[in-house]
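Below: one structure, written as structure tokens.
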Amino acid sequence: MDGFVALCRTRLTDAELPALFDWSVLVPFAPEEEEIVLPVGTAYSGEETVVAGAPRVLAPAERLADAVELPVDAIPAGDNLTLSLWFLSCKSRST
């Protein structure tokens with residue numbers, strides 16, 4: 001994770017870092033608010049859950065993908081769990 005954070009700090013502005021890091025749940029639409037804070041804890045955070053819209057995260061994430069030359073064409077599009085299953089198959093091949 002330290003390497004990823006270092007990459008983000010070199011490629012993104014200080015204003016863009018929170019868009020990439022300061023959320024607990026990412027939803028596929030832009031809420032009216034920049035983020036929604038719920039008074040429910042998550043496994044990764046204390047007492048609040050921060051919900052953010054994917055459009056807010058898209059531009060910084062695309063710049064990082066370009067920086068590491070992520071093979072976007074190799075990432076599958078499809079139904080509900082297609083992407084999750086692809087990640088799991090990549091993980092099992094790397095171990």
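Letters for chains follow the order of the structure tokens (A, B, ...), residue numbers begin at 1 for each chain, and ligand numbers begin at 1 in the order shown.
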Just the helix (DSSP H, G or I) stuff from chain A, please, per backbone DSSP, written as a VMD selection string. chain A and resid 2 to 11 17 to 21 54 to 67 72 to 74 82 to 94
Dump of N, CA and C atoms for the selected residues, as a CSV table (one decimal), in the first residue's frame:
```csv
chain,number,residue,atom,x,y,z
A,2,ASP,N,2.0,1.2,0.7
A,2,ASP,CA,2.9,2.3,0.7
A,2,ASP,C,3.3,2.8,-0.7
A,3,GLY,N,3.6,1.8,-1.5
A,3,GLY,CA,4.0,2.1,-2.9
A,3,GLY,C,2.9,2.8,-3.7
A,4,PHE,N,1.7,2.3,-3.5
A,4,PHE,CA,0.5,2.9,-4.1
A,4,PHE,C,0.3,4.3,-3.7
A,5,VAL,N,0.4,4.6,-2.4
A,5,VAL,CA,0.3,5.9,-1.9
A,5,VAL,C,1.3,6.8,-2.4
A,6,ALA,N,2.6,6.3,-2.5
A,6,ALA,CA,3.7,7.1,-3.1
A,6,ALA,C,3.4,7.5,-4.5
A,7,LEU,N,2.9,6.5,-5.3
A,7,LEU,CA,2.5,6.8,-6.7
A,7,LEU,C,1.4,7.9,-6.8
A,8,CYS,N,0.4,7.7,-5.9
A,8,CYS,CA,-0.7,8.7,-5.9
A,8,CYS,C,-0.1,10.1,-5.6
A,9,ARG,N,0.8,10.2,-4.6
A,9,ARG,CA,1.3,11.5,-4.3
A,9,ARG,C,2.2,12.1,-5.4
A,10,THR,N,2.8,11.3,-6.2
A,10,THR,CA,3.6,11.9,-7.3
A,10,THR,C,2.7,12.2,-8.5
A,11,ARG,N,1.6,11.6,-8.7
A,11,ARG,CA,0.8,11.8,-9.9
A,11,ARG,C,-0.5,12.6,-9.7
A,17,LEU,N,-6.3,13.7,-3.9
A,17,LEU,CA,-6.0,12.5,-3.0
A,17,LEU,C,-7.3,12.1,-2.2
A,18,PRO,N,-8.0,13.1,-1.6
A,18,PRO,CA,-9.2,12.6,-0.8
A,18,PRO,C,-10.2,11.9,-1.7
A,19,ALA,N,-10.4,12.4,-3.0
A,19,ALA,CA,-11.3,11.7,-3.8
A,19,ALA,C,-11.0,10.2,-4.0
A,20,LEU,N,-9.7,9.9,-4.0
A,20,LEU,CA,-9.3,8.5,-4.2
A,20,LEU,C,-9.3,7.7,-2.9
A,21,PHE,N,-9.1,8.4,-1.8
A,21,PHE,CA,-8.8,7.6,-0.6
A,21,PHE,C,-9.9,7.8,0.5
A,54,ALA,N,-18.8,7.2,-8.0
A,54,ALA,CA,-17.7,6.8,-8.8
A,54,ALA,C,-17.2,7.9,-9.8
A,55,PRO,N,-18.1,8.8,-10.3
A,55,PRO,CA,-17.7,9.8,-11.2
A,55,PRO,C,-16.6,10.7,-10.5
A,56,ARG,N,-16.7,10.9,-9.2
A,56,ARG,CA,-15.7,11.7,-8.5
A,56,ARG,C,-14.3,11.1,-8.5
A,57,VAL,N,-14.3,9.8,-8.5
A,57,VAL,CA,-13.0,9.0,-8.4
A,57,VAL,C,-12.4,8.7,-9.8
A,58,LEU,N,-13.3,8.8,-10.8
A,58,LEU,CA,-12.9,8.3,-12.2
A,58,LEU,C,-11.6,9.0,-12.7
A,59,ALA,N,-11.6,10.3,-12.8
A,59,ALA,CA,-10.4,11.0,-13.4
A,59,ALA,C,-9.1,10.7,-12.7
A,60,PRO,N,-9.0,10.8,-11.4
A,60,PRO,CA,-7.8,10.5,-10.7
A,60,PRO,C,-7.4,9.0,-11.0
A,61,ALA,N,-8.3,8.1,-10.9
A,61,ALA,CA,-8.1,6.7,-11.2
A,61,ALA,C,-7.6,6.4,-12.6
A,62,GLU,N,-8.2,7.1,-13.6
A,62,GLU,CA,-7.7,7.0,-14.9
A,62,GLU,C,-6.3,7.5,-15.1
A,63,ARG,N,-5.9,8.5,-14.5
A,63,ARG,CA,-4.5,9.0,-14.6
A,63,ARG,C,-3.5,8.0,-13.9
A,64,LEU,N,-3.9,7.4,-12.8
A,64,LEU,CA,-3.1,6.4,-12.3
A,64,LEU,C,-2.9,5.2,-13.2
A,65,ALA,N,-4.0,4.8,-13.8
A,65,ALA,CA,-4.0,3.6,-14.7
A,65,ALA,C,-3.1,3.9,-15.9
A,66,ASP,N,-3.1,5.1,-16.4
A,66,ASP,CA,-2.2,5.5,-17.5
A,66,ASP,C,-0.8,5.5,-17.0
A,67,ALA,N,-0.5,5.9,-15.8
A,67,ALA,CA,0.9,6.0,-15.2
A,67,ALA,C,1.5,4.6,-15.1
A,72,VAL,N,-6.1,-1.8,-19.9
A,72,VAL,CA,-7.5,-1.7,-19.8
A,72,VAL,C,-8.3,-2.6,-20.7
A,73,ASP,N,-7.7,-2.9,-21.8
A,73,ASP,CA,-8.4,-3.8,-22.7
A,73,ASP,C,-8.5,-5.3,-22.2
A,74,ALA,N,-7.7,-5.6,-21.2
A,74,ALA,CA,-7.7,-6.9,-20.6
A,74,ALA,C,-8.8,-7.1,-19.5
A,82,THR,N,-18.6,-10.3,-12.9
A,82,THR,CA,-17.6,-10.5,-13.9
A,82,THR,C,-16.2,-10.0,-13.5
A,83,LEU,N,-16.2,-8.7,-13.0
A,83,LEU,CA,-14.9,-8.1,-12.6
A,83,LEU,C,-14.4,-8.7,-11.4
A,84,SER,N,-15.2,-9.0,-10.4
A,84,SER,CA,-14.7,-9.6,-9.2
A,84,SER,C,-14.1,-11.0,-9.5
A,85,LEU,N,-14.8,-11.8,-10.3
A,85,LEU,CA,-14.3,-13.1,-10.7
A,85,LEU,C,-12.9,-13.0,-11.4
A,86,TRP,N,-12.8,-12.0,-12.3
A,86,TRP,CA,-11.6,-11.8,-13.0
A,86,TRP,C,-10.4,-11.5,-12.0
A,87,PHE,N,-10.6,-10.6,-11.1
A,87,PHE,CA,-9.6,-10.2,-10.1
A,87,PHE,C,-9.2,-11.5,-9.3
A,88,LEU,N,-10.2,-12.3,-8.9
A,88,LEU,CA,-9.9,-13.5,-8.2
A,88,LEU,C,-9.1,-14.5,-9.0
A,89,SER,N,-9.4,-14.6,-10.3
A,89,SER,CA,-8.6,-15.5,-11.1
A,89,SER,C,-7.2,-15.0,-11.3
A,90,CYS,N,-7.0,-13.7,-11.4
A,90,CYS,CA,-5.7,-13.1,-11.5
A,90,CYS,C,-4.9,-13.4,-10.2
A,91,LYS,N,-5.5,-13.2,-9.1
A,91,LYS,CA,-4.9,-13.5,-7.8
A,91,LYS,C,-4.4,-14.9,-7.7
A,92,SER,N,-5.3,-15.8,-8.1
A,92,SER,CA,-5.0,-17.3,-8.0
A,92,SER,C,-3.8,-17.6,-8.9
A,93,ARG,N,-3.7,-17.0,-10.1
A,93,ARG,CA,-2.6,-17.2,-11.0
A,93,ARG,C,-1.3,-16.7,-10.5
A,94,SER,N,-1.3,-15.6,-9.7
A,94,SER,CA,-0.1,-15.0,-9.2
A,94,SER,C,0.5,-15.7,-7.9
```
Shell around segment 23-37 of chain A at 6 Å using only C-alpha atoms, local window under 4 positions removed, as a PyMOL selection string: chain A and resi 49-54
Could you give me the residues within chain A that DSSP places in strand (DSSP E), as a list of chain:residue names? A:Val25, A:Leu26, A:Val27, A:Glu35, A:Ile36, A:Val37, A:Leu38, A:Thr49, A:Val50, A:Val51, A:Ala52, A:Gly53
Separation of atom CA of Pro71 of chain A and atom CA of Asp22 of chain A, in Å? 25.7 Å
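When atom CA of Tyr44 of chain A is paired with atom CA of Glu69 of chain A, their separation reads 28.7 Å.
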